[in-house]
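Since the structure comes first, as structure tokens, the remarks are kept for the end.
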Amino acid sequence: DDVIENENSVSCPNGHNLFVGTTTAPVTVPGAITCVDGMWTGELQDGSSFYQESITVTCDAPCPVPNKEMEICLATGVCDSTSTSLDANPATIKCTQGQLLVSESSSVGSGVISPDGLTCVAGVWKGTVGSNTNYESTNVHVTCMAVCELAIGDDQVCPDELFCDSSLLDKTTMQTKCTSGTMYISPSETDGVAVELATCVTGGLWAASPTTIDFASVTLHASCTRTLTEGCSNPIKWNEVCPPNLICKEDFVDIDGGVLKCTNTNGKLYVASSIPSYGKYAPNGLTCVGSSWSGVLGDGAAFDSATAYVTCEQPDETSGTDCNSCVPVPFAEPSEELFTEAQLYEFKNIEKAVEDEFSCNSLKCTPPNRLYFGTTAHVVQQQNPICKANGEWDAMPGLPWTNVTLGAYCATLKCPLLKNFVDCHDQKVGCNGDVAWSADEYLRCKMSGSPMVVADETQTTFFTTTDQFLCDLSTGTWFDEQRKIAFKPAFYQCKYGCANPEKSTRVCPAGTTCDPSNTRYESNSFFDCKGKTIYTSEVNVNSAPAMTTQPYTCTPFTGEWTTNGLNGGELHSFTGKFFFNCGK
């Protein structure tokens with residue numbers, strides 16, 4: 001049986017497994033049986049060892065080399081047959097990372113999990129494959145499938161305004177998804193991102209789909225948005241609708257028997273149809289009627305809106321209705337250098353006001369003035385802030401106005417004239433800086449129909465529109481009429497004009513005499529060859545150029561030169577620079 005005996009060791013030929021006595025597991029490494037102090041010793045592949053004075057040994061036949069086959073990977077899995085995650089040697093097949101898949105063929109998705117791997121016994125691969133505990137084969141296709149820790153159901157990964165339920169998760173060690181709703185995932189207990197699903201990849205890491213979302217983590221916290229009722233869009237949990245003389249928490253909002261209400265003891269539901277605004281008390285909650293949330297408010301008025309912003313009062317936390325405990329806010333005029341030239345044209349003092357409904361102190365500015373944080377150029381998001389029951393000014397929803405000692409002021413901003421960037425953004429169309437503008441009203445190109453291109457401060461992001469730009473007096477920022485621009489513009493130019501055609505003696509048919517002096521040209525209007533044939537080409541050397549006797553005319557908004565007379569009547573056009581010559 002080809003046993004190789006040496007003075008102090010026993011081994012088998014390369015590729016054969018060495019067995020000791022009646023053991024069913026081969027020696028871990030061929031030749032590992034050694035003689036130590038008159039005793040044979042070694043370690044078997046199943047982890048056991050022996051220490052005997054007398055042994056019998058055999059060498060079995062080697063097993064066929066397994067086929068490394070990516071195609072047998074399960075449809076929901078991610079597999080790797082080429083990396084070090086697959087350990088296939090003459091004695092065993094296993095995965096150092098992930099789960100071994102085994103198949104009798106290379107059919108797509110045909111792999112079956114082998115939890116403990118395969119062992120070569122007398123030339124046959126044996127082990128447990130799926131439910132078959134006595135699997136045997138001499139023709140195996142194998143790969144390693146990534147396996148991850150099960151996802152942790154955690155509703156805290158969802159944004160505060162959403163309703164989530166982690167019981168909607170479908171979790172395996174290979175994939176995590178939602179049976180309904182949108183899934184949010186995070187490597188920790190907060191700040192989740194919305195994804196379609198999470199898949200296990202090489203190395204036991206969770207990755208997100210779509211792959212444009214950068215996510216890689218061993219640990220996965222996940223939850224799913226849930227639909228509260230058919231017909232209506234989910235209400236939006238929004239603590240900022242809490243009246244200023246109360247303390248609220250949006251987490252207590254839920255639906256019970258078709259009624260949207262508060263789950264905390266004696267909690268009162270406050271609702272608003274839009275923000276920023278304070279909610280009204282809905283003593284009997286809200287129900288979905290058609291596609292709207294409906295109910296009767298505490299003052300007897302009806303609430304009926306497709307959109308509902310909701311929160312719940314915490315009666316035990318509310319300290320009362322005395323809203324005079326906030327730190328006084330002084331007037332603090334900012335320095336002019338905080339503002340760009342010609343932006344700020346008026347500073348004013350802040351005024352005290354009383355909000356009748358809640359009887360609390362508030363600050364206000366006379367329209368169109370806006371309230372700003374003192375000594376800064378930052379507008380307060382919540383205009384007319386009110387002193388709340390917890391002693392904080394609600395000047396910025398979601399964030400405390402901690403630096404009230406810096407004061408505040410009232411001001412109105414103009415929008416500055418943007419800077420003109422000289423080089424044309426579109427190389428095929430001319431450009432200029434000819435605009436009509438008013439600092440607090442509009443910005444547009446003077447040539448009617450001329451598109452305007454604007455860029456951000458770094459001139460890396462661009463936006464083009466034929467609309468005029470309007471001024472947002474609250475921020476001093478220009479915006480387009482359709483409100484599609486997604487950045488603050490800093491540079492502009494107006495697209496207008498056609499590229500100048502360039503005379504070239506190299507553009508002339510072979511055997512023809514040309515004379516470029518026959519040219520007539522008017523910038524951004526027309527050019528021709530005084531009735532002679534015009535030869536045109538997009539390249540500077542052309543012995544067979546296009547030809548016409550009809551003039552080319554310019555469409556300045558697109559930069560296009562066009563003629564209807566090519567080869568006796570065909571339409572012909574150029575956008576951008578081109579070359580021409582005239583017949584003699």
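Letters for chains follow the order of the structure tokens (A, B, ...), residue numbers begin at 1 for each chain, and ligand numbers begin at 1 in the order shown.
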Write out as a PDB file with N, CA, C and O atoms, in the first residue's frame which residues come within 10 Å of A:Ser114 when counting only C-alpha atoms, dropping same-chain ones fewer than 4 positions away.
ATOM      1  N   ILE A  93     -11.541  19.328   2.250  1.00  0.00           N
ATOM      2  CA  ILE A  93     -12.029  20.548   1.596  1.00  0.00           C
ATOM      3  C   ILE A  93     -12.830  21.307   2.640  1.00  0.00           C
ATOM      4  O   ILE A  93     -13.789  20.763   3.214  1.00  0.00           O
ATOM      5  N   LYS A  94     -12.454  22.542   2.904  1.00  0.00           N
ATOM      6  CA  LYS A  94     -13.175  23.357   3.880  1.00  0.00           C
ATOM      7  C   LYS A  94     -12.991  24.826   3.539  1.00  0.00           C
ATOM      8  O   LYS A  94     -12.214  25.181   2.648  1.00  0.00           O
ATOM      9  N   CYS A  95     -13.717  25.681   4.229  1.00  0.00           N
ATOM     10  CA  CYS A  95     -13.593  27.128   4.040  1.00  0.00           C
ATOM     11  C   CYS A  95     -12.992  27.737   5.290  1.00  0.00           C
ATOM     12  O   CYS A  95     -13.458  27.469   6.404  1.00  0.00           O
ATOM     13  N   GLN A  99     -19.046  29.599   4.366  1.00  0.00           N
ATOM     14  CA  GLN A  99     -19.692  28.288   4.392  1.00  0.00           C
ATOM     15  C   GLN A  99     -19.396  27.541   3.097  1.00  0.00           C
ATOM     16  O   GLN A  99     -19.542  28.095   1.998  1.00  0.00           O
ATOM     17  N   LEU A 100     -18.969  26.262   3.208  1.00  0.00           N
ATOM     18  CA  LEU A 100     -18.659  25.464   2.029  1.00  0.00           C
ATOM     19  C   LEU A 100     -19.939  25.040   1.320  1.00  0.00           C
ATOM     20  O   LEU A 100     -20.880  24.536   1.936  1.00  0.00           O
ATOM     21  N   LEU A 101     -19.988  25.247  -0.002  1.00  0.00           N
ATOM     22  CA  LEU A 101     -21.070  24.758  -0.837  1.00  0.00           C
ATOM     23  C   LEU A 101     -20.537  23.648  -1.725  1.00  0.00           C
ATOM     24  O   LEU A 101     -19.438  23.753  -2.284  1.00  0.00           O
ATOM     25  N   VAL A 102     -21.309  22.567  -1.895  1.00  0.00           N
ATOM     26  CA  VAL A 102     -20.896  21.403  -2.674  1.00  0.00           C
ATOM     27  C   VAL A 102     -21.974  21.087  -3.701  1.00  0.00           C
ATOM     28  O   VAL A 102     -23.175  21.201  -3.421  1.00  0.00           O
ATOM     29  N   SER A 103     -21.545  20.679  -4.904  1.00  0.00           N
ATOM     30  CA  SER A 103     -22.493  20.285  -5.938  1.00  0.00           C
ATOM     31  C   SER A 103     -21.877  19.173  -6.778  1.00  0.00           C
ATOM     32  O   SER A 103     -20.654  19.052  -6.876  1.00  0.00           O
ATOM     33  N   LEU A 118     -15.551  18.408   3.614  1.00  0.00           N
ATOM     34  CA  LEU A 118     -15.407  17.057   3.089  1.00  0.00           C
ATOM     35  C   LEU A 118     -14.034  16.488   3.436  1.00  0.00           C
ATOM     36  O   LEU A 118     -13.044  17.222   3.516  1.00  0.00           O
ATOM     37  N   GLY A 127     -18.620  13.186   3.639  1.00  0.00           N
ATOM     38  CA  GLY A 127     -18.999  14.174   4.642  1.00  0.00           C
ATOM     39  C   GLY A 127     -20.502  14.363   4.675  1.00  0.00           C
ATOM     40  O   GLY A 127     -21.259  13.582   4.091  1.00  0.00           O
ATOM     41  N   THR A 128     -20.935  15.427   5.329  1.00  0.00           N
ATOM     42  CA  THR A 128     -22.361  15.788   5.387  1.00  0.00           C
ATOM     43  C   THR A 128     -22.620  16.922   4.415  1.00  0.00           C
ATOM     44  O   THR A 128     -21.950  17.971   4.469  1.00  0.00           O
ATOM     45  N   VAL A 129     -23.580  16.745   3.524  1.00  0.00           N
ATOM     46  CA  VAL A 129     -23.960  17.765   2.542  1.00  0.00           C
ATOM     47  C   VAL A 129     -25.473  17.914   2.612  1.00  0.00           C
ATOM     48  O   VAL A 129     -26.204  16.967   2.265  1.00  0.00           O
ATOM     49  N   GLY A 130     -25.937  19.049   3.098  1.00  0.00           N
ATOM     50  CA  GLY A 130     -27.362  19.237   3.274  1.00  0.00           C
ATOM     51  C   GLY A 130     -27.898  18.246   4.293  1.00  0.00           C
ATOM     52  O   GLY A 130     -27.352  18.084   5.390  1.00  0.00           O
ATOM     53  N   SER A 131     -28.958  17.518   3.956  1.00  0.00           N
ATOM     54  CA  SER A 131     -29.544  16.522   4.857  1.00  0.00           C
ATOM     55  C   SER A 131     -28.891  15.151   4.708  1.00  0.00           C
ATOM     56  O   SER A 131     -29.211  14.224   5.455  1.00  0.00           O
ATOM     57  N   ASN A 132     -27.983  15.014   3.733  1.00  0.00           N
ATOM     58  CA  ASN A 132     -27.294  13.740   3.495  1.00  0.00           C
ATOM     59  C   ASN A 132     -26.066  13.649   4.386  1.00  0.00           C
ATOM     60  O   ASN A 132     -25.055  14.307   4.136  1.00  0.00           O
ATOM     61  N   THR A 133     -26.153  12.826   5.447  1.00  0.00           N
ATOM     62  CA  THR A 133     -25.019  12.696   6.384  1.00  0.00           C
ATOM     63  C   THR A 133     -23.969  11.699   5.896  1.00  0.00           C
ATOM     64  O   THR A 133     -22.899  11.591   6.496  1.00  0.00           O
ATOM     65  N   TYR A 135     -22.748  11.555   2.565  1.00  0.00           N
ATOM     66  CA  TYR A 135     -22.446  11.982   1.201  1.00  0.00           C
ATOM     67  C   TYR A 135     -21.116  11.391   0.748  1.00  0.00           C
ATOM     68  O   TYR A 135     -20.116  11.397   1.482  1.00  0.00           O
ATOM     69  N   VAL A 142     -17.032  22.916  -5.818  1.00  0.00           N
ATOM     70  CA  VAL A 142     -17.074  23.579  -4.508  1.00  0.00           C
ATOM     71  C   VAL A 142     -16.839  25.076  -4.632  1.00  0.00           C
ATOM     72  O   VAL A 142     -16.213  25.551  -5.596  1.00  0.00           O
TER      73      VAL A 142
END
Task: Test item: residues at most 7 Å from stretch 487-499 of chain A, only C-alpha atoms, excluding those fewer than 3 positions along its chain, as a ChimeraX atom specification - done: /A:418-421,428-434,445,450-457,477-478,524,554,556-557,559-561,576-577
Open item on the list: What's around A:Cys144 at 12 Å? Count only C-alpha atoms, leave out sequence neighbours fewer than 3 positions away in its own chain, and write the answer as JSON, numbers by chain.
Closed with: {"A": [68, 69, 70, 71, 72, 73, 74, 77, 78, 79, 80, 81, 82, 83, 84, 85, 86, 87, 88, 93, 94, 95, 96, 97, 98, 99, 100, 101, 102, 103, 111, 112, 113, 114, 115, 117, 141, 147, 201, 202, 203, 204]}
File dump, residues just selected, C-alpha atoms, as an mmCIF file, in the first residue's frame:
data_model
loop_
_atom_site.group_PDB
_atom_site.id
_atom_site.type_symbol
_atom_site.label_atom_id
_atom_site.label_comp_id
_atom_site.auth_asym_id
_atom_site.auth_seq_id
_atom_site.Cartn_x
_atom_site.Cartn_y
_atom_site.Cartn_z
ATOM 1 C CA LYS A 68 -13.651 25.417 -7.962
ATOM 2 C CA GLU A 69 -16.974 26.687 -9.294
ATOM 3 C CA MET A 70 -18.460 30.157 -8.616
ATOM 4 C CA GLU A 71 -21.652 29.344 -10.551
ATOM 5 C CA ILE A 72 -22.989 26.924 -7.918
ATOM 6 C CA CYS A 73 -23.369 29.798 -5.428
ATOM 7 C CA LEU A 74 -26.871 30.226 -4.044
ATOM 8 C CA GLY A 77 -25.330 34.433 -1.561
ATOM 9 C CA VAL A 78 -21.940 35.930 -2.404
ATOM 10 C CA CYS A 79 -19.232 33.360 -3.135
ATOM 11 C CA ASP A 80 -15.466 33.259 -3.554
ATOM 12 C CA SER A 81 -13.701 30.251 -5.117
ATOM 13 C CA THR A 82 -10.343 31.844 -5.806
ATOM 14 C CA SER A 83 -9.202 33.435 -2.550
ATOM 15 C CA THR A 84 -7.642 31.817 0.499
ATOM 16 C CA SER A 85 -11.131 31.371 1.968
ATOM 17 C CA LEU A 86 -11.244 27.944 0.197
ATOM 18 C CA ASP A 87 -8.803 25.390 1.661
ATOM 19 C CA ALA A 88 -8.744 22.386 -0.692
ATOM 20 C CA ILE A 93 -12.029 20.548 1.596
ATOM 21 C CA LYS A 94 -13.175 23.357 3.880
ATOM 22 C CA CYS A 95 -13.593 27.128 4.040
ATOM 23 C CA THR A 96 -11.389 29.256 6.245
ATOM 24 C CA GLN A 97 -14.006 32.007 5.870
ATOM 25 C CA GLY A 98 -17.680 31.423 5.151
ATOM 26 C CA GLN A 99 -19.692 28.288 4.392
ATOM 27 C CA LEU A 100 -18.659 25.464 2.029
ATOM 28 C CA LEU A 101 -21.070 24.758 -0.837
ATOM 29 C CA VAL A 102 -20.896 21.403 -2.674
ATOM 30 C CA SER A 103 -22.493 20.285 -5.938
ATOM 31 C CA GLY A 111 -24.683 24.329 -4.324
ATOM 32 C CA VAL A 112 -25.682 22.662 -1.051
ATOM 33 C CA ILE A 113 -24.216 23.617 2.341
ATOM 34 C CA SER A 114 -21.634 21.230 3.822
ATOM 35 C CA PRO A 115 -21.375 22.362 7.469
ATOM 36 C CA GLY A 117 -16.486 20.193 4.963
ATOM 37 C CA HIS A 141 -17.750 21.245 -7.430
ATOM 38 C CA VAL A 147 -21.744 34.051 6.124
ATOM 39 C CA VAL A 201 -19.898 39.662 1.315
ATOM 40 C CA THR A 202 -16.431 38.142 1.587
ATOM 41 C CA GLY A 203 -14.953 38.456 5.046
ATOM 42 C CA GLY A 204 -18.303 38.247 6.849
#
Task: Shell around stretch 216-227 of chain A at 9 Å using only C-alpha atoms, local window under 3 positions removed, as a PyMOL selection string - done: chain A and resi 148-158+162-169+176-190+192+198+203-208+230+232-234
Pick out the residues sitting within 10 Å of A:Thr265, and hand them over as a CSV table (one decimal) with all heavy atoms, in the first residue's frame; count only C-alpha atoms, and ignore anything fewer than 6 positions along from it in its own chain.
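Dumped everything to result-v5.csv:
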chain,number,residue,atom,x,y,z
A,252,PHE,N,-44.2,58.6,21.4
A,252,PHE,CA,-45.4,57.9,22.0
A,252,PHE,C,-46.5,57.9,21.0
A,252,PHE,O,-47.6,57.3,21.3
A,252,PHE,CB,-45.8,58.7,23.2
A,252,PHE,CG,-44.8,58.7,24.4
A,252,PHE,CD1,-44.2,59.8,24.9
A,252,PHE,CD2,-44.5,57.5,24.9
A,252,PHE,CE1,-43.3,59.8,25.9
A,252,PHE,CE2,-43.6,57.4,26.0
A,252,PHE,CZ,-43.0,58.6,26.5
A,313,GLU,N,-47.8,65.2,24.3
A,313,GLU,CA,-47.4,65.9,25.5
A,313,GLU,C,-47.0,64.8,26.6
A,313,GLU,O,-47.6,63.8,26.7
A,313,GLU,CB,-48.6,66.7,26.0
A,313,GLU,CG,-48.2,67.4,27.3
A,313,GLU,CD,-49.5,67.9,28.1
A,313,GLU,OE1,-50.6,67.8,27.6
A,313,GLU,OE2,-49.3,68.5,29.2
A,314,GLN,N,-46.0,65.2,27.3
A,314,GLN,CA,-45.6,64.4,28.5
A,314,GLN,C,-46.1,65.2,29.8
A,314,GLN,O,-45.4,66.0,30.3
A,314,GLN,CB,-44.1,64.2,28.6
A,314,GLN,CG,-43.6,63.4,27.4
A,314,GLN,CD,-42.1,63.1,27.6
A,314,GLN,OE1,-41.7,62.2,28.2
A,314,GLN,NE2,-41.3,64.0,27.0
A,315,PRO,N,-47.3,64.9,30.2
A,315,PRO,CA,-47.9,65.7,31.3
A,315,PRO,C,-47.0,65.8,32.6
A,315,PRO,O,-46.8,66.8,33.3
A,315,PRO,CB,-49.2,65.0,31.7
A,315,PRO,CG,-49.5,64.3,30.4
A,315,PRO,CD,-48.2,63.9,29.8
A,316,ASP,N,-46.3,64.6,32.9
A,316,ASP,CA,-45.5,64.6,34.1
A,316,ASP,C,-44.2,65.5,33.9
A,316,ASP,O,-43.6,65.8,34.9
A,316,ASP,CB,-45.0,63.1,34.4
A,316,ASP,CG,-46.2,62.3,34.7
A,316,ASP,OD1,-47.3,62.8,35.1
A,316,ASP,OD2,-46.1,61.0,34.6
TODO: Counting only C-alpha atoms, figure out which residue out of A:Leu470, A:Ala306, A:Cys365, A:Ala546 gets nearest to A:Phe574.
DONE: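 Counting only C-alpha atoms, the residue closest to A:Phe574 is A:Ala546.
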- [ ] In Å, rounded to a single decimal, give me how far atom CA of A:Gly565 is from atom CA of A:Gln550.
- [x]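 That distance, rounded to one decimal, is 5.3 Å.
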- [ ] Using DSSP on the backbone coordinates, identify all residues within stretch 204-328 of chain A classified as strand (DSSP E or B); present the result as a count of residues only.
- [x] 48
Open item on the list: Set the distance at 12 Å and use only C-alpha atoms: which residues neighbour A:Thr119 once local chain neighbours fewer than 4 positions away are removed? I'd like the list as a ChimeraX atom specification.
Closed with: /A:17,24-28,45-46,62-64,66,87-94,114,123-129,134-138,140
Task: Contacts of A:Glu481 at 10 Å (only C-alpha atoms; same-chain gap of 4+ positions) as a ChimeraX atom specification - done: /A:465-471,485
How about saving the chosen residues, all heavy atoms kept, as a compact mmCIF listing (two decimals), in the first residue's frame?
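What landed in out-v2.txt:
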# COMPACT_ATOMS: atom_id res chain seq x y z
N THR A 465 -30.33 77.46 -16.96
CA THR A 465 -31.77 77.66 -17.06
C THR A 465 -32.07 78.87 -17.93
O THR A 465 -31.25 79.78 -18.06
CB THR A 465 -32.39 77.87 -15.66
OG1 THR A 465 -33.81 78.04 -15.80
CG2 THR A 465 -31.81 79.09 -14.96
N THR A 466 -33.25 78.87 -18.55
CA THR A 466 -33.72 80.06 -19.28
C THR A 466 -34.62 80.90 -18.38
O THR A 466 -35.07 81.97 -18.78
CB THR A 466 -34.51 79.64 -20.54
OG1 THR A 466 -35.55 78.75 -20.15
CG2 THR A 466 -33.60 78.95 -21.54
N ASP A 467 -34.90 80.41 -17.15
CA ASP A 467 -35.66 81.21 -16.18
C ASP A 467 -34.81 82.37 -15.68
O ASP A 467 -33.59 82.35 -15.74
CB ASP A 467 -36.04 80.36 -14.96
CG ASP A 467 -37.09 79.31 -15.30
OD1 ASP A 467 -37.69 79.41 -16.38
OD2 ASP A 467 -37.27 78.40 -14.48
N GLN A 468 -35.47 83.38 -15.13
CA GLN A 468 -34.74 84.38 -14.38
C GLN A 468 -34.54 83.87 -12.96
O GLN A 468 -35.23 82.96 -12.50
CB GLN A 468 -35.49 85.70 -14.37
CG GLN A 468 -36.81 85.69 -13.62
CD GLN A 468 -37.47 87.05 -13.59
OE1 GLN A 468 -36.87 88.06 -13.95
NE2 GLN A 468 -38.71 87.10 -13.14
N PHE A 469 -33.55 84.43 -12.27
CA PHE A 469 -33.31 84.09 -10.88
C PHE A 469 -33.98 85.14 -9.99
O PHE A 469 -33.98 86.33 -10.31
CB PHE A 469 -31.81 84.03 -10.58
CG PHE A 469 -31.17 82.75 -11.01
CD1 PHE A 469 -30.77 82.57 -12.33
CD2 PHE A 469 -30.97 81.72 -10.12
CE1 PHE A 469 -30.19 81.39 -12.74
CE2 PHE A 469 -30.40 80.53 -10.51
CZ PHE A 469 -30.00 80.37 -11.83
N LEU A 470 -34.55 84.66 -8.87
CA LEU A 470 -35.22 85.52 -7.90
C LEU A 470 -34.42 85.54 -6.61
O LEU A 470 -33.66 84.61 -6.32
CB LEU A 470 -36.64 85.04 -7.65
CG LEU A 470 -37.51 84.87 -8.90
CD1 LEU A 470 -38.86 84.28 -8.54
CD2 LEU A 470 -37.68 86.20 -9.62
N CYS A 471 -34.59 86.58 -5.81
CA CYS A 471 -33.82 86.74 -4.58
C CYS A 471 -34.61 86.26 -3.38
O CYS A 471 -35.76 86.66 -3.17
CB CYS A 471 -33.43 88.21 -4.40
SG CYS A 471 -32.51 88.53 -2.87
N ILE A 485 -32.43 74.49 -8.54
CA ILE A 485 -31.01 74.61 -8.22
C ILE A 485 -30.75 74.06 -6.82
O ILE A 485 -31.53 74.29 -5.90
CB ILE A 485 -30.52 76.06 -8.35
CG1 ILE A 485 -28.99 76.12 -8.29
CG2 ILE A 485 -31.16 76.96 -7.32
CD1 ILE A 485 -28.41 77.46 -8.69
